[in-house]
>>> print(open('upload_30.cif').read())   # mmCIF, C-alpha atoms and all ligand atoms; chains and numbers go by the auth columns
data_run
loop_
_atom_site.group_PDB
_atom_site.id
_atom_site.type_symbol
_atom_site.label_atom_id
_atom_site.label_comp_id
_atom_site.label_asym_id
_atom_site.label_seq_id
_atom_site.Cartn_x
_atom_site.Cartn_y
_atom_site.Cartn_z
_atom_site.B_iso_or_equiv
_atom_site.auth_seq_id
_atom_site.auth_asym_id
ATOM 1 C CA MET A 1 211.720 101.251 117.121 0.00 1 A
ATOM 2 C CA ASN A 2 209.752 101.113 113.938 0.00 2 A
ATOM 3 C CA SER A 3 208.966 104.532 112.583 0.00 3 A
ATOM 4 C CA GLU A 4 207.471 102.841 109.529 0.00 4 A
ATOM 5 C CA SER A 5 204.396 102.306 111.682 0.00 5 A
ATOM 6 C CA ASP A 6 204.113 106.018 112.602 0.00 6 A
ATOM 7 C CA VAL A 7 201.760 108.386 110.854 0.00 7 A
ATOM 8 C CA LEU A 8 201.318 112.137 111.276 0.00 8 A
ATOM 9 C CA ILE A 9 197.732 113.287 110.727 0.00 9 A
ATOM 10 C CA VAL A 10 197.402 117.007 110.034 0.00 10 A
ATOM 11 C CA ILE A 11 193.831 118.045 110.757 0.00 11 A
ATOM 12 C CA ASP A 12 192.043 120.749 108.744 0.00 12 A
ATOM 13 C CA VAL A 13 194.814 123.318 108.179 0.00 13 A
ATOM 14 C CA GLN A 14 192.518 125.220 105.829 0.00 14 A
ATOM 15 C CA ASN A 15 192.056 128.913 105.090 0.00 15 A
ATOM 16 C CA ASP A 16 188.651 129.142 106.750 0.00 16 A
ATOM 17 C CA PHE A 17 190.182 128.039 110.061 0.00 17 A
ATOM 18 C CA CYS A 18 193.057 130.553 109.822 0.00 18 A
ATOM 19 C CA ALA A 19 193.185 134.347 110.191 0.00 19 A
ATOM 20 C CA GLY A 20 190.678 136.003 107.863 0.00 20 A
ATOM 21 C CA GLY A 21 188.744 132.751 107.378 0.00 21 A
ATOM 22 C CA ALA A 22 185.028 132.185 107.931 0.00 22 A
ATOM 23 C CA LEU A 23 185.580 130.186 111.132 0.00 23 A
ATOM 24 C CA ALA A 24 189.043 131.317 112.185 0.00 24 A
ATOM 25 C CA VAL A 25 190.682 129.540 115.101 0.00 25 A
ATOM 26 C CA PRO A 26 192.702 132.080 117.117 0.00 26 A
ATOM 27 C CA GLY A 27 196.317 131.734 115.961 0.00 27 A
ATOM 28 C CA GLY A 28 195.382 128.857 113.663 0.00 28 A
ATOM 29 C CA GLU A 29 197.949 129.788 111.029 0.00 29 A
ATOM 30 C CA ALA A 30 200.675 129.446 113.672 0.00 30 A
ATOM 31 C CA VAL A 31 200.540 125.654 113.362 0.00 31 A
ATOM 32 C CA VAL A 32 201.545 125.660 109.700 0.00 32 A
ATOM 33 C CA GLU A 33 205.297 125.975 110.123 0.00 33 A
ATOM 34 C CA LEU A 34 205.497 123.356 112.860 0.00 34 A
ATOM 35 C CA ALA A 35 203.262 120.990 110.897 0.00 35 A
ATOM 36 C CA ASN A 36 205.621 121.382 107.948 0.00 36 A
ATOM 37 C CA ARG A 37 208.629 120.661 110.115 0.00 37 A
ATOM 38 C CA LEU A 38 206.970 117.650 111.733 0.00 38 A
ATOM 39 C CA GLY A 39 205.881 116.441 108.317 0.00 39 A
ATOM 40 C CA ARG A 40 209.500 116.149 107.233 0.00 40 A
ATOM 41 C CA ARG A 41 210.151 113.801 110.179 0.00 41 A
ATOM 42 C CA PHE A 42 207.403 111.383 109.204 0.00 42 A
ATOM 43 C CA ALA A 43 207.536 109.037 106.243 0.00 43 A
ATOM 44 C CA ASN A 44 203.752 108.715 106.463 0.00 44 A
ATOM 45 C CA VAL A 45 201.491 111.762 106.535 0.00 45 A
ATOM 46 C CA VAL A 46 197.728 112.079 106.120 0.00 46 A
ATOM 47 C CA LEU A 47 195.969 115.417 105.682 0.00 47 A
ATOM 48 C CA THR A 48 192.315 116.002 106.449 0.00 48 A
ATOM 49 C CA GLN A 49 190.063 118.606 104.921 0.00 49 A
ATOM 50 C CA ASP A 50 186.665 119.771 106.142 0.00 50 A
ATOM 51 C CA TRP A 51 184.653 119.631 102.926 0.00 51 A
ATOM 52 C CA HIS A 52 181.009 120.669 103.019 0.00 52 A
ATOM 53 C CA PRO A 53 178.489 121.051 100.204 0.00 53 A
ATOM 54 C CA ALA A 54 176.776 124.471 100.036 0.00 54 A
ATOM 55 C CA GLY A 55 173.728 124.453 102.316 0.00 55 A
ATOM 56 C CA HIS A 56 175.288 121.918 104.699 0.00 56 A
ATOM 57 C CA LEU A 57 173.099 121.266 107.721 0.00 57 A
ATOM 58 C CA SER A 58 175.910 122.204 110.124 0.00 58 A
ATOM 59 C CA PHE A 59 175.621 125.786 108.828 0.00 59 A
ATOM 60 C CA ALA A 60 173.413 128.172 110.823 0.00 60 A
ATOM 61 C CA SER A 61 172.317 129.650 107.493 0.00 61 A
ATOM 62 C CA SER A 62 170.560 126.353 106.711 0.00 62 A
ATOM 63 C CA HIS A 63 168.261 126.711 109.742 0.00 63 A
ATOM 64 C CA GLU A 64 165.713 129.507 109.782 0.00 64 A
ATOM 65 C CA GLY A 65 165.986 131.708 112.866 0.00 65 A
ATOM 66 C CA LYS A 66 169.278 130.187 114.004 0.00 66 A
ATOM 67 C CA ALA A 67 172.539 132.081 114.488 0.00 67 A
ATOM 68 C CA PRO A 68 176.090 130.728 114.347 0.00 68 A
ATOM 69 C CA PHE A 69 177.229 128.982 117.549 0.00 69 A
ATOM 70 C CA GLU A 70 173.689 128.134 118.627 0.00 70 A
ATOM 71 C CA THR A 71 172.912 124.438 118.736 0.00 71 A
ATOM 72 C CA THR A 72 170.199 122.362 117.133 0.00 72 A
ATOM 73 C CA ASP A 73 169.058 118.778 117.458 0.00 73 A
ATOM 74 C CA MET A 74 170.056 116.484 114.641 0.00 74 A
ATOM 75 C CA PRO A 75 168.968 112.830 114.400 0.00 75 A
ATOM 76 C CA TYR A 76 172.414 111.903 115.759 0.00 76 A
ATOM 77 C CA GLY A 77 172.297 114.356 118.697 0.00 77 A
ATOM 78 C CA PRO A 78 173.001 118.017 119.423 0.00 78 A
ATOM 79 C CA GLN A 79 174.944 119.874 116.744 0.00 79 A
ATOM 80 C CA VAL A 80 176.660 123.251 117.042 0.00 80 A
ATOM 81 C CA LEU A 81 175.699 125.491 114.135 0.00 81 A
ATOM 82 C CA TRP A 82 178.620 127.168 112.404 0.00 82 A
ATOM 83 C CA PRO A 83 179.056 130.047 110.004 0.00 83 A
ATOM 84 C CA ASP A 84 179.250 128.782 106.412 0.00 84 A
ATOM 85 C CA HIS A 85 182.795 127.423 106.064 0.00 85 A
ATOM 86 C CA CYS A 86 184.946 125.061 104.002 0.00 86 A
ATOM 87 C CA VAL A 87 182.493 124.866 101.129 0.00 87 A
ATOM 88 C CA GLN A 88 183.729 122.327 98.582 0.00 88 A
ATOM 89 C CA GLY A 89 186.056 123.899 96.042 0.00 89 A
ATOM 90 C CA SER A 90 186.055 127.343 97.686 0.00 90 A
ATOM 91 C CA ALA A 91 189.176 129.310 98.607 0.00 91 A
ATOM 92 C CA GLY A 92 188.217 128.900 102.265 0.00 92 A
ATOM 93 C CA ALA A 93 188.311 125.114 101.929 0.00 93 A
ATOM 94 C CA ALA A 94 191.800 125.120 100.408 0.00 94 A
ATOM 95 C CA PHE A 95 194.782 124.233 102.547 0.00 95 A
ATOM 96 C CA HIS A 96 196.725 127.188 103.956 0.00 96 A
ATOM 97 C CA ARG A 97 199.044 128.338 101.191 0.00 97 A
ATOM 98 C CA ASN A 98 202.146 127.752 103.316 0.00 98 A
ATOM 99 C CA LEU A 99 201.267 124.185 104.235 0.00 99 A
ATOM 100 C CA ASP A 100 204.075 122.270 102.585 0.00 100 A
ATOM 101 C CA ILE A 101 203.966 118.506 103.073 0.00 101 A
ATOM 102 C CA PRO A 102 204.101 117.277 99.488 0.00 102 A
ATOM 103 C CA HIS A 103 204.723 113.641 100.415 0.00 103 A
ATOM 104 C CA ALA A 104 201.390 113.353 102.276 0.00 104 A
ATOM 105 C CA ALA A 105 199.926 110.226 100.706 0.00 105 A
ATOM 106 C CA LEU A 106 196.254 110.661 101.566 0.00 106 A
ATOM 107 C CA VAL A 107 193.802 113.524 101.907 0.00 107 A
ATOM 108 C CA VAL A 108 190.697 112.555 103.872 0.00 108 A
ATOM 109 C CA ARG A 109 187.738 114.801 103.118 0.00 109 A
ATOM 110 C CA LYS A 110 185.004 114.805 105.730 0.00 110 A
ATOM 111 C CA GLY A 111 181.626 116.420 106.277 0.00 111 A
ATOM 112 C CA PHE A 112 180.686 116.006 102.624 0.00 112 A
ATOM 113 C CA ARG A 113 177.258 114.520 103.316 0.00 113 A
ATOM 114 C CA LEU A 114 174.655 117.290 103.368 0.00 114 A
ATOM 115 C CA GLU A 115 172.874 116.147 106.490 0.00 115 A
ATOM 116 C CA ILE A 116 175.729 115.142 108.802 0.00 116 A
ATOM 117 C CA ASP A 117 178.799 116.885 110.211 0.00 117 A
ATOM 118 C CA SER A 118 182.126 115.218 110.835 0.00 118 A
ATOM 119 C CA TYR A 119 184.572 116.492 113.440 0.00 119 A
ATOM 120 C CA SER A 120 186.571 113.291 113.634 0.00 120 A
ATOM 121 C CA ALA A 121 188.850 112.107 110.867 0.00 121 A
ATOM 122 C CA PHE A 122 187.570 108.573 111.540 0.00 122 A
ATOM 123 C CA PHE A 123 183.805 108.832 112.040 0.00 123 A
ATOM 124 C CA GLU A 124 181.149 111.367 111.219 0.00 124 A
ATOM 125 C CA ASN A 125 179.180 112.883 114.068 0.00 125 A
ATOM 126 C CA ASP A 126 176.758 109.948 114.256 0.00 126 A
ATOM 127 C CA HIS A 127 179.827 107.964 115.456 0.00 127 A
ATOM 128 C CA ALA A 128 178.785 105.230 113.007 0.00 128 A
ATOM 129 C CA THR A 129 179.569 106.436 109.482 0.00 129 A
ATOM 130 C CA ALA A 130 183.247 105.698 108.846 0.00 130 A
ATOM 131 C CA THR A 131 185.454 107.960 106.734 0.00 131 A
ATOM 132 C CA GLY A 132 187.635 104.986 105.790 0.00 132 A
ATOM 133 C CA LEU A 133 190.739 106.334 107.529 0.00 133 A
ATOM 134 C CA GLY A 134 190.823 103.510 110.095 0.00 134 A
ATOM 135 C CA GLY A 135 190.845 100.907 107.340 0.00 135 A
ATOM 136 C CA TYR A 136 193.535 102.788 105.417 0.00 136 A
ATOM 137 C CA LEU A 137 195.831 102.984 108.436 0.00 137 A
ATOM 138 C CA ARG A 138 195.335 99.297 109.248 0.00 138 A
ATOM 139 C CA GLU A 139 195.979 98.176 105.681 0.00 139 A
ATOM 140 C CA ARG A 140 199.109 100.313 105.566 0.00 140 A
ATOM 141 C CA GLY A 141 200.318 98.875 108.889 0.00 141 A
ATOM 142 C CA LEU A 142 200.296 102.319 110.506 0.00 142 A
ATOM 143 C CA SER A 143 199.633 101.714 114.178 0.00 143 A
ATOM 144 C CA ARG A 144 200.944 104.859 115.881 0.00 144 A
ATOM 145 C CA VAL A 145 199.035 108.052 115.233 0.00 145 A
ATOM 146 C CA TYR A 146 200.366 111.563 115.912 0.00 146 A
ATOM 147 C CA LEU A 147 197.902 114.420 115.577 0.00 147 A
ATOM 148 C CA SER A 148 198.342 118.101 114.822 0.00 148 A
ATOM 149 C CA GLY A 149 196.139 120.819 113.375 0.00 149 A
ATOM 150 C CA LEU A 150 192.849 122.599 113.996 0.00 150 A
ATOM 151 C CA ALA A 151 190.984 122.854 116.205 0.00 151 A
ATOM 152 C CA THR A 152 192.243 121.184 119.373 0.00 152 A
ATOM 153 C CA ASP A 153 188.850 121.175 121.073 0.00 153 A
ATOM 154 C CA PHE A 154 186.866 119.847 118.130 0.00 154 A
ATOM 155 C CA CYS A 155 188.354 117.977 115.196 0.00 155 A
ATOM 156 C CA VAL A 156 191.689 117.130 116.827 0.00 156 A
ATOM 157 C CA GLN A 157 190.052 115.954 120.052 0.00 157 A
ATOM 158 C CA PHE A 158 187.414 113.808 118.350 0.00 158 A
ATOM 159 C CA SER A 159 189.993 112.353 115.973 0.00 159 A
ATOM 160 C CA ALA A 160 192.303 111.508 118.884 0.00 160 A
ATOM 161 C CA LEU A 161 189.599 109.758 120.883 0.00 161 A
ATOM 162 C CA ASP A 162 188.412 107.785 117.863 0.00 162 A
ATOM 163 C CA ALA A 163 191.982 106.818 116.968 0.00 163 A
ATOM 164 C CA ARG A 164 192.490 105.486 120.472 0.00 164 A
ATOM 165 C CA GLU A 165 189.178 103.670 120.419 0.00 165 A
ATOM 166 C CA GLN A 166 190.145 102.108 117.092 0.00 166 A
ATOM 167 C CA GLY A 167 193.205 100.633 118.790 0.00 167 A
ATOM 168 C CA PHE A 168 195.858 103.022 117.495 0.00 168 A
ATOM 169 C CA GLU A 169 198.483 104.313 119.900 0.00 169 A
ATOM 170 C CA THR A 170 197.637 107.988 119.838 0.00 170 A
ATOM 171 C CA THR A 171 199.606 111.132 120.637 0.00 171 A
ATOM 172 C CA VAL A 172 198.423 114.736 120.301 0.00 172 A
ATOM 173 C CA ILE A 173 201.277 117.168 119.570 0.00 173 A
ATOM 174 C CA GLU A 174 199.718 120.078 121.355 0.00 174 A
ATOM 175 C CA ASP A 175 201.894 122.962 120.258 0.00 175 A
ATOM 176 C CA ALA A 176 201.121 121.913 116.694 0.00 176 A
ATOM 177 C CA CYS A 177 197.410 122.490 117.424 0.00 177 A
ATOM 178 C CA ARG A 178 195.287 125.521 118.291 0.00 178 A
ATOM 179 C CA ALA A 179 191.924 125.575 120.054 0.00 179 A
ATOM 180 C CA GLY A 180 188.795 127.468 119.156 0.00 180 A
ATOM 181 C CA ASP A 181 188.031 128.161 122.774 0.00 181 A
ATOM 182 C CA ASN A 182 191.038 128.363 125.047 0.00 182 A
ATOM 183 C CA GLU A 183 188.871 129.258 128.048 0.00 183 A
ATOM 184 C CA GLU A 184 187.174 125.889 128.108 0.00 184 A
ATOM 185 C CA ILE A 185 190.006 123.717 126.954 0.00 185 A
ATOM 186 C CA ASP A 186 191.011 122.456 130.402 0.00 186 A
ATOM 187 C CA ASP A 187 187.515 121.348 131.292 0.00 187 A
ATOM 188 C CA ARG A 188 186.248 119.970 128.085 0.00 188 A
ATOM 189 C CA TYR A 189 189.283 118.651 126.295 0.00 189 A
ATOM 190 C CA LEU A 190 191.919 117.633 128.775 0.00 190 A
ATOM 191 C CA LYS A 191 189.559 115.677 131.001 0.00 191 A
ATOM 192 C CA LYS A 192 188.284 113.676 128.073 0.00 192 A
ATOM 193 C CA LEU A 193 191.752 112.776 126.870 0.00 193 A
ATOM 194 C CA ARG A 194 193.130 111.884 130.288 0.00 194 A
ATOM 195 C CA GLY A 195 194.440 108.356 130.370 0.00 195 A
ATOM 196 C CA GLU A 196 193.484 107.711 126.762 0.00 196 A
ATOM 197 C CA VAL A 197 195.835 109.690 124.641 0.00 197 A
ATOM 198 C CA TYR A 198 199.461 110.782 124.984 0.00 198 A
ATOM 199 C CA ARG A 199 199.987 114.513 124.935 0.00 199 A
ATOM 200 C CA VAL A 200 203.301 116.111 123.996 0.00 200 A
ATOM 201 C CA GLU A 201 204.716 119.495 123.158 0.00 201 A
ATOM 202 C CA THR A 202 207.634 119.629 120.779 0.00 202 A
ATOM 203 C CA ASP A 203 209.115 122.853 122.108 0.00 203 A
ATOM 204 C CA ASP A 204 209.337 124.321 118.639 0.00 204 A
ATOM 205 C CA GLY A 205 210.319 121.098 116.990 0.00 205 A
ATOM 206 C CA THR A 206 213.678 120.655 118.681 0.00 206 A
ATOM 207 C CA LYS A 207 212.672 118.381 121.531 0.00 207 A
ATOM 208 C CA ALA A 208 209.559 116.872 122.977 0.00 208 A
ATOM 209 C CA ARG A 209 208.178 116.864 126.481 0.00 209 A
ATOM 210 C CA MET A 210 205.278 114.913 127.792 0.00 210 A
ATOM 211 C CA LEU A 211 202.370 116.766 129.311 0.00 211 A
ATOM 212 C CA ASN A 212 200.845 113.713 130.939 0.00 212 A
ATOM 213 C CA LEU A 213 203.683 111.969 132.696 0.00 213 A
ATOM 214 C CA ASP A 214 201.764 109.281 134.530 0.00 214 A
ATOM 215 C CA GLY A 215 203.493 106.094 133.544 0.00 215 A
ATOM 216 C CA MET A 216 204.399 107.431 130.152 0.00 216 A
ATOM 217 C CA ARG A 217 208.028 108.383 130.569 0.00 217 A
ATOM 218 C CA GLU A 218 209.228 105.541 128.414 0.00 218 A
ATOM 219 C CA ARG A 219 207.016 106.714 125.608 0.00 219 A
ATOM 220 C CA LEU A 220 208.556 110.172 125.837 0.00 220 A
ATOM 221 C CA TYR A 221 212.038 108.816 125.373 0.00 221 A
ATOM 222 C CA ARG A 222 210.959 106.802 122.379 0.00 222 A
ATOM 223 C CA PHE A 223 209.281 109.832 120.871 0.00 223 A
ATOM 224 C CA LEU A 224 212.377 111.941 121.457 0.00 224 A
ATOM 225 C CA ALA A 225 214.657 109.338 119.951 0.00 225 A
ATOM 226 C CA GLU A 226 212.568 108.838 116.859 0.00 226 A
ATOM 227 C CA LYS A 227 211.493 112.322 115.993 0.00 227 A
ATOM 228 C CA PHE A 228 213.638 114.999 117.512 0.00 228 A
ATOM 229 C CA VAL A 229 217.205 113.829 117.931 0.00 229 A
HETATM 230 ZN ZN ZN B . 182.881 121.970 109.182 0.00 301 B
#
>>> encode(input="upload_30.cif", output="structure tokens", more="lines below")
Ligand SMILES: [Zn+2]
Amino acid sequence: MNSESDVLIVIDVQNDFCAGGALAVPGGEAVVELANRLGRRFANVVLTQDWHPAGHLSFASSHEGKAPFETTDMPYGPQVLWPDHCVQGSAGAAFHRNLDIPHAALVVRKGFRLEIDSYSAFFENDHATATGLGGYLRERGLSRVYLSGLATDFCVQFSALDAREQGFETTVIEDACRAGDNEEIDDRYLKKLRGEVYRVETDDGTKARMLNLDGMRERLYRFLAEKFV
């Protein structure tokens, strides 16, 4: 057991993704308390922040005749167009006021290039432009990644898959996440993660249970021992 190699990554717990925000994830603010509690169990915590310049090309308002949630073709592939959200320095881009993980050592800001969006905490949507997070984790010797935050079906999912692909042992703490679209989550999200990424629920922070049990029971016990006992 070496919890020194564990890192909790809290994805995009920002006002615009919570109730009343420009791109609110249903129940998004509900992850705050659990993220805080999990944060206290991890010596190493990284926060991410969606951080767009005004006029960002992921905004529908930057494309004449386009409405939010339509898609457009970018040089790197199809891109969903969003309402304006998480504009640099705005109240909507700020972390939720109750997020309380003061020992988080790094804030990764992503999506700050005008012409490219970034769902993943590791790579922008061209899957080539690195945010630097992978290098940071490697240099710090952090090899086991636990993910929480918003939204399960976009930034958490893409971050989890990239973490795994980068060689980090990766676990999504699912009750510490909320999805934008709960209807589609089984089809689009769970199938992609299957076999790649561990999935757990913490049962309100008191104990953990694995959601994908295939051959992963040992991992569950380790997780329980380290984080919730
Ligand atoms: Zn964004």
>>> residues_near_ligand(input="upload_30.cif", ligand="ligand ZN 301 (chain B)", cutoff="8 Å", atoms="only C-alpha atoms and all ligand atoms", output="mmCIF file with C-alpha atoms, in the coordinates of the input")
data_model
loop_
_atom_site.group_PDB
_atom_site.id
_atom_site.type_symbol
_atom_site.label_atom_id
_atom_site.label_comp_id
_atom_site.auth_asym_id
_atom_site.auth_seq_id
_atom_site.Cartn_x
_atom_site.Cartn_y
_atom_site.Cartn_z
ATOM 1 C CA ASP A 50 186.665 119.771 106.142
ATOM 2 C CA TRP A 51 184.653 119.631 102.926
ATOM 3 C CA HIS A 52 181.009 120.669 103.019
ATOM 4 C CA SER A 58 175.910 122.204 110.124
ATOM 5 C CA TRP A 82 178.620 127.168 112.404
ATOM 6 C CA HIS A 85 182.795 127.423 106.064
ATOM 7 C CA CYS A 86 184.946 125.061 104.002
ATOM 8 C CA GLY A 111 181.626 116.420 106.277
ATOM 9 C CA ASP A 117 178.799 116.885 110.211
ATOM 10 C CA SER A 118 182.126 115.218 110.835
ATOM 11 C CA TYR A 119 184.572 116.492 113.440
#
>>> residues_around(input="upload_30.cif", residues="Gly141 in chain A", least_positions_apart="2", cutoff="9 Å", atoms="all atoms listed in the file", output="list in words")
Glu4, Ser5, Asp6, Tyr136, Leu137, Arg138, Glu139 and Ser143 of chain A
>>> resolve_selection(input="upload_30.cif", expression="the PyMOL selection byres (((chain A and resi 176) around 7) and not hetatm)", output="list in words")
Val31, Leu34, Ala35, Ser148, Gly149, Ile173, Glu174, Asp175 and Cys177 of chain A
>>> atom_distance(input="upload_30.cif", atom1="CA of Arg113 in chain A", atom2="CA of Gln49 in chain A")
13.5 Å
>>> resolve_selection(input="upload_30.cif", expression="the PyMOL selection byres (((chain A and resi 150) around 7) and not hetatm)", output="ChimeraX atom specification")
/A:11-13,28,149,151-152,155-156,177-179
>>> atom_distance(input="upload_30.cif", atom1="CA of Thr48 in chain A", atom2="CA of Arg109 in chain A")
5.8 Å
>>> closest_residue(input="upload_30.cif", among="A:Val200, A:Val45, A:Ala160, A:Ala22", to="Ala91 in chain A", atoms="only C-alpha atoms")
A:Ala22
